[in-house]
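**Student:** Quick one: structure below, then a few questions.
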Amino acid sequence: MTISRDFIKGTLVLALLTVFLPSGAQHRWTLEECISYAKENNITLQQQRLQLQSATEDVRAQRGAMLPTLSASTNHSVGYRPWQDNGVATVTNGQVNSKVDKTYYNGSYGVNAQWTVWNGGRNRNNVRLSQLAAQQAEMSVEQQANSIEERICQLYVQCLYLREAIGVSQESLSTSRKNEERGTEMVQVGLLSRADLAQLTAQRATDEYNVVEAQGQLATYMLQLRQLLELTADADFDIADAPASIDDPAQMEVPSLNAVYEHALQNRPEMRNARMGIESADISLRIARAGWLPTLGLTGGLSTSTNSLTDNGWGTQMKTNFNMTGGLQLSIPIFDGWQTRTNVSRARIQQQQAALELADQQKQLYQTIEGYWQDATTNRQKYIAACATAQSAAQNYELLEEQFNLGLKNIVELMTGKDNMMQAKQNQLQSKYLALLNIEMLRFYARD
């Protein structure tokens, strides 16, 4: 599956372009590169592809079961009769042989063919069942690929968010250091108490901790992304920065919940797989019922033999003893110890399980899409509100800082204003990325 054109052009999740560092520096991976690499190298996905190959071979085997079978056989033996009297006649293949040897040789040759003409449609249904199993294996490969792509998108966006969150935390730390330096100067001239300076110092230490914590979270998500790509620990890995042209969530339209669900219901591989499961259960029931029906087969064979006790030559014996057979075999089941009845009951249970599996898949799909839609709608609204709040908080802090420097505001008011400004920026950043991610996830579920 390929990344959508809209995704590449500008949206957050699928719009990341390849970014190269200066000559000799480490290459940074775009989202598209991560997805492409994972689809080629992820071990779980490779295992799914091998299962698909195995299912394809099963189809070939079931088709071969409908063809006649042909086999050739030969048997050779040497005998020894130590007490055999001379002159005793022997009969071999209808001929009287007076030649008596203590050591003798027998040889037989045959070609046999068998063909099941009809067995209640069992062979034909087995072919169809194996074809469905191969198609389900293909859907499983697509489903696993989608799951990997979805997880990579989530991790990638989380890493982008944490990068910017670290920037906000570092900005907060820079402001705290400036406040601490200014507070130190004010203590020296008697405009600020040492207790208030201690609060500024504690605020600076807290911001340092927040930077380290955010960096640790980024390292954790980068590790998860590396593991999903099956990259070793010694491999250089870093992701590209988000382009400056990221779409504004406030200007993006959230796709319709029902439209996305109806499209996904028809096109998502897990839904097609579940529908195939119902069809497979129906075919399994027909195969089970075939146990009550008669079986008709054709048999045929060619055979000849040779023996060293006769005076005839090998070629003459092969011709004289040549035999052709043909037959019709009809088997009518009468009582099989309730085996067929049990198989039919199990097949009916399998039908009910397949129907429940489809219903469960539909429910899970709706819950997933509804969750993305709800998060996209909520975080889009949060982002719009957070933009206004962040702007207002920044302006308010600038005024508080000026008033604090003039001695008109105390340390508590300054710290509260700073905390409000930083929290507003974090809320704006978080709602922005969550809105973009969930909108792109809805587009992901709505694509063909």
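Identifiers for the structure tokens are assigned positionally: chains receive A, B, ... in sequence, residues are indexed from 1 per chain, and ligands are indexed from 1 in the order shown.
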Looking only at the backbone, which of the residues in range 198-310 of chain A does DSSP tag as strand (DSSP E or B), as a list in words?
**Tutor:**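 Selection result, strand (DSSP E or B) within range 198-310 of chain A: Ile239, Thr295, Leu296, Gly297, Leu298, Thr299, Gly300, Gly301, Leu302, Ser303, Thr304, Ser305, Thr306 and Asn307 of chain A.
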**Student:** Give me a file of those residues, with C-alpha atoms, as a PDB file, in the first residue's frame.
**Tutor:**
```
ATOM      1  CA  ILE A 239      13.629  10.980  12.062  1.00  0.00           C
ATOM      2  CA  THR A 295     -18.545 -42.197  -3.723  1.00  0.00           C
ATOM      3  CA  LEU A 296     -17.927 -43.311  -7.318  1.00  0.00           C
ATOM      4  CA  GLY A 297     -14.477 -44.137  -8.668  1.00  0.00           C
ATOM      5  CA  LEU A 298     -12.776 -45.706 -11.665  1.00  0.00           C
ATOM      6  CA  THR A 299      -9.817 -48.089 -11.506  1.00  0.00           C
ATOM      7  CA  GLY A 300      -7.606 -49.592 -14.166  1.00  0.00           C
ATOM      8  CA  GLY A 301      -4.325 -51.431 -14.461  1.00  0.00           C
ATOM      9  CA  LEU A 302      -1.755 -53.121 -16.650  1.00  0.00           C
ATOM     10  CA  SER A 303       0.366 -56.011 -15.362  1.00  0.00           C
ATOM     11  CA  THR A 304       2.721 -58.786 -16.433  1.00  0.00           C
ATOM     12  CA  SER A 305       5.263 -61.119 -14.848  1.00  0.00           C
ATOM     13  CA  THR A 306       8.278 -63.344 -15.515  1.00  0.00           C
ATOM     14  CA  ASN A 307       9.658 -66.500 -13.916  1.00  0.00           C
TER      15      ASN A 307
END
```
**Student:** For Ile287 in chain A, list every protein, DNA or RNA residue within 12 Å, evaluated using only C-alpha atoms, and leave out those in the same chain fewer than 5 positions away; present the list as a PDB file with N, CA and C atoms, in the first residue's frame.
**Tutor:**
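Below is the file that was written, around.pdb:
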```
ATOM      1  N   ASN A 119     -17.487 -37.668  -5.255  1.00  0.00           N
ATOM      2  CA  ASN A 119     -17.519 -38.015  -3.823  1.00  0.00           C
ATOM      3  C   ASN A 119     -18.370 -37.020  -3.044  1.00  0.00           C
ATOM      4  N   GLY A 120     -19.505 -36.693  -3.633  1.00  0.00           N
ATOM      5  CA  GLY A 120     -20.408 -35.766  -2.968  1.00  0.00           C
ATOM      6  C   GLY A 120     -19.976 -34.319  -3.079  1.00  0.00           C
ATOM      7  N   GLY A 121     -19.104 -34.008  -4.035  1.00  0.00           N
ATOM      8  CA  GLY A 121     -18.609 -32.643  -4.186  1.00  0.00           C
ATOM      9  C   GLY A 121     -17.519 -32.278  -3.198  1.00  0.00           C
ATOM     10  N   ARG A 122     -16.980 -33.287  -2.492  1.00  0.00           N
ATOM     11  CA  ARG A 122     -15.988 -32.999  -1.461  1.00  0.00           C
ATOM     12  C   ARG A 122     -14.711 -32.389  -2.051  1.00  0.00           C
ATOM     13  N   ASN A 123     -14.215 -32.984  -3.144  1.00  0.00           N
ATOM     14  CA  ASN A 123     -12.976 -32.471  -3.740  1.00  0.00           C
ATOM     15  C   ASN A 123     -13.145 -31.040  -4.260  1.00  0.00           C
ATOM     16  N   ARG A 124     -14.250 -30.798  -4.945  1.00  0.00           N
ATOM     17  CA  ARG A 124     -14.489 -29.462  -5.492  1.00  0.00           C
ATOM     18  C   ARG A 124     -14.604 -28.423  -4.368  1.00  0.00           C
ATOM     19  N   ASN A 125     -15.297 -28.779  -3.300  1.00  0.00           N
ATOM     20  CA  ASN A 125     -15.431 -27.853  -2.177  1.00  0.00           C
ATOM     21  C   ASN A 125     -14.106 -27.665  -1.430  1.00  0.00           C
ATOM     22  N   ASN A 126     -13.276 -28.716  -1.406  1.00  0.00           N
ATOM     23  CA  ASN A 126     -11.959 -28.574  -0.783  1.00  0.00           C
ATOM     24  C   ASN A 126     -11.099 -27.575  -1.551  1.00  0.00           C
ATOM     25  N   VAL A 127     -11.222 -27.577  -2.879  1.00  0.00           N
ATOM     26  CA  VAL A 127     -10.484 -26.613  -3.691  1.00  0.00           C
ATOM     27  C   VAL A 127     -10.946 -25.195  -3.352  1.00  0.00           C
ATOM     28  N   ARG A 128     -12.253 -25.001  -3.311  1.00  0.00           N
ATOM     29  CA  ARG A 128     -12.785 -23.669  -2.995  1.00  0.00           C
ATOM     30  C   ARG A 128     -12.394 -23.239  -1.583  1.00  0.00           C
ATOM     31  N   LEU A 129     -12.397 -24.190  -0.656  1.00  0.00           N
ATOM     32  CA  LEU A 129     -12.034 -23.877   0.721  1.00  0.00           C
ATOM     33  C   LEU A 129     -10.566 -23.452   0.812  1.00  0.00           C
ATOM     34  N   SER A 280     -16.242 -19.657   4.226  1.00  0.00           N
ATOM     35  CA  SER A 280     -15.483 -20.884   4.500  1.00  0.00           C
ATOM     36  C   SER A 280     -16.287 -21.835   5.380  1.00  0.00           C
ATOM     37  N   ALA A 281     -17.000 -21.277   6.354  1.00  0.00           N
ATOM     38  CA  ALA A 281     -17.817 -22.114   7.228  1.00  0.00           C
ATOM     39  C   ALA A 281     -18.951 -22.780   6.450  1.00  0.00           C
ATOM     40  N   ASP A 282     -19.539 -22.073   5.499  1.00  0.00           N
ATOM     41  CA  ASP A 282     -20.600 -22.659   4.666  1.00  0.00           C
ATOM     42  C   ASP A 282     -20.057 -23.818   3.830  1.00  0.00           C
ATOM     43  N   TRP A 292     -22.452 -38.279   3.911  1.00  0.00           N
ATOM     44  CA  TRP A 292     -23.656 -39.103   3.778  1.00  0.00           C
ATOM     45  C   TRP A 292     -23.894 -39.567   2.340  1.00  0.00           C
ATOM     46  N   LEU A 293     -23.119 -39.068   1.400  1.00  0.00           N
ATOM     47  CA  LEU A 293     -23.350 -39.356  -0.017  1.00  0.00           C
ATOM     48  C   LEU A 293     -22.407 -40.451  -0.510  1.00  0.00           C
ATOM     49  N   THR A 340     -20.043 -38.628  10.516  1.00  0.00           N
ATOM     50  CA  THR A 340     -20.547 -37.571   9.638  1.00  0.00           C
ATOM     51  C   THR A 340     -21.481 -36.627  10.389  1.00  0.00           C
ATOM     52  N   ARG A 341     -22.335 -37.216  11.221  1.00  0.00           N
ATOM     53  CA  ARG A 341     -23.260 -36.388  11.990  1.00  0.00           C
ATOM     54  C   ARG A 341     -22.487 -35.437  12.917  1.00  0.00           C
ATOM     55  N   ASN A 343     -19.409 -34.350  12.432  1.00  0.00           N
ATOM     56  CA  ASN A 343     -18.729 -33.347  11.596  1.00  0.00           C
ATOM     57  C   ASN A 343     -19.690 -32.252  11.146  1.00  0.00           C
ATOM     58  N   VAL A 344     -20.928 -32.622  10.837  1.00  0.00           N
ATOM     59  CA  VAL A 344     -21.925 -31.634  10.437  1.00  0.00           C
ATOM     60  C   VAL A 344     -22.245 -30.702  11.597  1.00  0.00           C
ATOM     61  N   ARG A 346     -20.307 -29.917  14.087  1.00  0.00           N
ATOM     62  CA  ARG A 346     -19.154 -29.036  14.288  1.00  0.00           C
ATOM     63  C   ARG A 346     -19.118 -27.933  13.236  1.00  0.00           C
ATOM     64  N   ALA A 347     -19.464 -28.283  12.007  1.00  0.00           N
ATOM     65  CA  ALA A 347     -19.472 -27.286  10.929  1.00  0.00           C
ATOM     66  C   ALA A 347     -20.529 -26.219  11.195  1.00  0.00           C
ATOM     67  N   ARG A 348     -21.661 -26.608  11.739  1.00  0.00           N
ATOM     68  CA  ARG A 348     -22.698 -25.626  12.068  1.00  0.00           C
ATOM     69  C   ARG A 348     -22.238 -24.703  13.197  1.00  0.00           C
TER      70      ARG A 348
END
```
**Student:** What's the 10 Å shell around Ala359 in chain A, counting only C-alpha atoms, without same-chain residues fewer than 4 positions away, as a PDB file with all heavy atoms, in the first residue's frame?
**Tutor:**
```
ATOM      1  N   MET A 271     -12.206  -6.858   7.617  1.00  0.00           N
ATOM      2  CA  MET A 271     -13.619  -7.091   7.357  1.00  0.00           C
ATOM      3  C   MET A 271     -13.801  -8.089   6.219  1.00  0.00           C
ATOM      4  O   MET A 271     -14.669  -8.969   6.275  1.00  0.00           O
ATOM      5  CB  MET A 271     -14.312  -5.763   7.022  1.00  0.00           C
ATOM      6  CG  MET A 271     -14.201  -4.704   8.107  1.00  0.00           C
ATOM      7  SD  MET A 271     -14.670  -5.327   9.752  1.00  0.00           S
ATOM      8  CE  MET A 271     -16.306  -5.945   9.438  1.00  0.00           C
ATOM      9  N   ALA A 274     -13.140 -11.492   7.598  1.00  0.00           N
ATOM     10  CA  ALA A 274     -14.251 -12.025   8.394  1.00  0.00           C
ATOM     11  C   ALA A 274     -15.389 -12.518   7.507  1.00  0.00           C
ATOM     12  O   ALA A 274     -16.011 -13.553   7.789  1.00  0.00           O
ATOM     13  CB  ALA A 274     -14.753 -10.954   9.364  1.00  0.00           C
ATOM     14  N   ARG A 275     -15.662 -11.792   6.428  1.00  0.00           N
ATOM     15  CA  ARG A 275     -16.721 -12.250   5.507  1.00  0.00           C
ATOM     16  C   ARG A 275     -16.316 -13.551   4.813  1.00  0.00           C
ATOM     17  O   ARG A 275     -17.153 -14.435   4.580  1.00  0.00           O
ATOM     18  CB  ARG A 275     -17.030 -11.156   4.483  1.00  0.00           C
ATOM     19  CG  ARG A 275     -17.764  -9.955   5.074  1.00  0.00           C
ATOM     20  CD  ARG A 275     -18.326  -9.050   3.990  1.00  0.00           C
ATOM     21  NE  ARG A 275     -17.284  -8.364   3.260  1.00  0.00           N
ATOM     22  CZ  ARG A 275     -16.778  -7.178   3.586  1.00  0.00           C
ATOM     23  NH1 ARG A 275     -17.251  -6.543   4.656  1.00  0.00           N
ATOM     24  NH2 ARG A 275     -15.847  -6.602   2.861  1.00  0.00           N
ATOM     25  N   GLN A 353     -19.770 -19.359  14.882  1.00  0.00           N
ATOM     26  CA  GLN A 353     -18.569 -18.654  15.331  1.00  0.00           C
ATOM     27  C   GLN A 353     -18.117 -17.623  14.297  1.00  0.00           C
ATOM     28  O   GLN A 353     -17.699 -16.518  14.654  1.00  0.00           O
ATOM     29  CB  GLN A 353     -17.448 -19.655  15.608  1.00  0.00           C
ATOM     30  CG  GLN A 353     -17.685 -20.525  16.841  1.00  0.00           C
ATOM     31  CD  GLN A 353     -16.616 -21.584  17.027  1.00  0.00           C
ATOM     32  OE1 GLN A 353     -15.963 -22.008  16.057  1.00  0.00           O
ATOM     33  NE2 GLN A 353     -16.416 -22.022  18.252  1.00  0.00           N
ATOM     34  N   ALA A 354     -18.209 -17.990  13.017  1.00  0.00           N
ATOM     35  CA  ALA A 354     -17.805 -17.060  11.949  1.00  0.00           C
ATOM     36  C   ALA A 354     -18.719 -15.842  11.924  1.00  0.00           C
ATOM     37  O   ALA A 354     -18.267 -14.708  11.713  1.00  0.00           O
ATOM     38  CB  ALA A 354     -17.818 -17.771  10.602  1.00  0.00           C
ATOM     39  N   ALA A 355     -20.018 -16.059  12.138  1.00  0.00           N
ATOM     40  CA  ALA A 355     -20.960 -14.939  12.164  1.00  0.00           C
ATOM     41  C   ALA A 355     -20.663 -14.011  13.347  1.00  0.00           C
ATOM     42  O   ALA A 355     -20.709 -12.780  13.222  1.00  0.00           O
ATOM     43  CB  ALA A 355     -22.398 -15.461  12.241  1.00  0.00           C
ATOM     44  N   LYS A 363     -17.952  -4.357  15.223  1.00  0.00           N
ATOM     45  CA  LYS A 363     -18.018  -3.555  16.438  1.00  0.00           C
ATOM     46  C   LYS A 363     -16.663  -2.909  16.736  1.00  0.00           C
ATOM     47  O   LYS A 363     -16.585  -1.710  17.043  1.00  0.00           O
ATOM     48  CB  LYS A 363     -18.455  -4.426  17.615  1.00  0.00           C
ATOM     49  CG  LYS A 363     -18.596  -3.664  18.931  1.00  0.00           C
ATOM     50  CD  LYS A 363     -18.896  -4.595  20.087  1.00  0.00           C
ATOM     51  CE  LYS A 363     -17.681  -5.421  20.451  1.00  0.00           C
ATOM     52  NZ  LYS A 363     -17.887  -6.232  21.676  1.00  0.00           N
ATOM     53  N   GLN A 364     -15.591  -3.692  16.640  1.00  0.00           N
ATOM     54  CA  GLN A 364     -14.258  -3.157  16.917  1.00  0.00           C
ATOM     55  C   GLN A 364     -13.877  -2.065  15.915  1.00  0.00           C
ATOM     56  O   GLN A 364     -13.267  -1.055  16.282  1.00  0.00           O
ATOM     57  CB  GLN A 364     -13.222  -4.283  16.878  1.00  0.00           C
ATOM     58  CG  GLN A 364     -13.339  -5.274  18.020  1.00  0.00           C
ATOM     59  CD  GLN A 364     -12.252  -6.330  17.981  1.00  0.00           C
ATOM     60  OE1 GLN A 364     -11.203  -6.143  17.391  1.00  0.00           O
ATOM     61  NE2 GLN A 364     -12.510  -7.467  18.608  1.00  0.00           N
ATOM     62  N   LEU A 365     -14.233  -2.290  14.641  1.00  0.00           N
ATOM     63  CA  LEU A 365     -13.927  -1.294  13.622  1.00  0.00           C
ATOM     64  C   LEU A 365     -14.643   0.015  13.925  1.00  0.00           C
ATOM     65  O   LEU A 365     -14.040   1.103  13.841  1.00  0.00           O
ATOM     66  CB  LEU A 365     -14.335  -1.813  12.246  1.00  0.00           C
ATOM     67  CG  LEU A 365     -14.094  -0.863  11.071  1.00  0.00           C
ATOM     68  CD1 LEU A 365     -12.599  -0.624  10.874  1.00  0.00           C
ATOM     69  CD2 LEU A 365     -14.719  -1.419   9.785  1.00  0.00           C
TER      70      LEU A 365
END
```
**Student:** Could you tell me how far CA of Leu160 in chain A lies from CA of Ile384 in chain A, in Å and to one decimal?
**Tutor:**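 The value is 20.0 Å.
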**Student:** Please return as an NGL selection string: the residues of range 67-223 of chain A that backbone DSSP assigns to helix (DSSP H, G or I).
**Tutor:** :A and (122-188 or 194-223)
**Student:** Nearest to Asn273 in chain A among A:Leu67, A:Met139, A:Leu132, A:Ala202, with distances taken over only C-alpha atoms: which residue is it?
**Tutor:**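 Smallest separation from Asn273 in chain A among the options: A:Met139.
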**Student:** Check the smallest atom-to-atom distance from each of A:Trp83, A:Thr103, A:Gly315, A:Thr116 to Thr69 in chain A using only C-alpha atoms, then report the winner.
**Tutor:**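 Under the stated criterion, the closest residue is A:Thr116.
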**Student:** What's the separation between CA of Ala214 in chain A and CA of Arg226 in chain A, in Å to one decimal place?
**Tutor:**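 Result for CA of Ala214 in chain A versus CA of Arg226 in chain A: 18.3 Å, one decimal.
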**Student:** Please list as number ranges by chain every residue within 6 Å of range 38-44 of chain A, counting only C-alpha atoms and excluding residues in the same chain fewer than 2 positions away.
**Tutor:** A: 35-36, 46-47, 229-230
**Student:** Tell me which of A:Arg268, A:Arg194, A:Arg163, A:Arg177 sits closest to Asp207 in chain A, counting only C-alpha atoms.
**Tutor:**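 Residue with the minimum atom-to-atom distance to Asp207 in chain A: A:Arg177.
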**Student:** Can you list, as a list in words, every protein, DNA or RNA residue that comes within 9 Å of range 75-78 of chain A when you count only C-alpha atoms, leaving out same-chain residues fewer than 6 positions away?
**Tutor:**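 In the requested format, the answer is Thr103, Tyr104, Tyr105, Asn106, Gly107, Ser108, Tyr109 and Gly110 of chain A.
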**Student:** How many Å lie between CA of Leu406 in chain A and CA of Gln391 in chain A, rounded to one decimal?
**Tutor:**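 Going from CA of Leu406 in chain A over to CA of Gln391 in chain A covers 23.3 Å.
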**Student:** May I ask which of the residues A:Glu357, A:Asp101, A:Glu370, A:Glu279 is the closest one to Ile439 in chain A, counting only C-alpha atoms?
**Tutor:**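 Looking at the shortest contact to Ile439 in chain A, the residue is A:Glu370.
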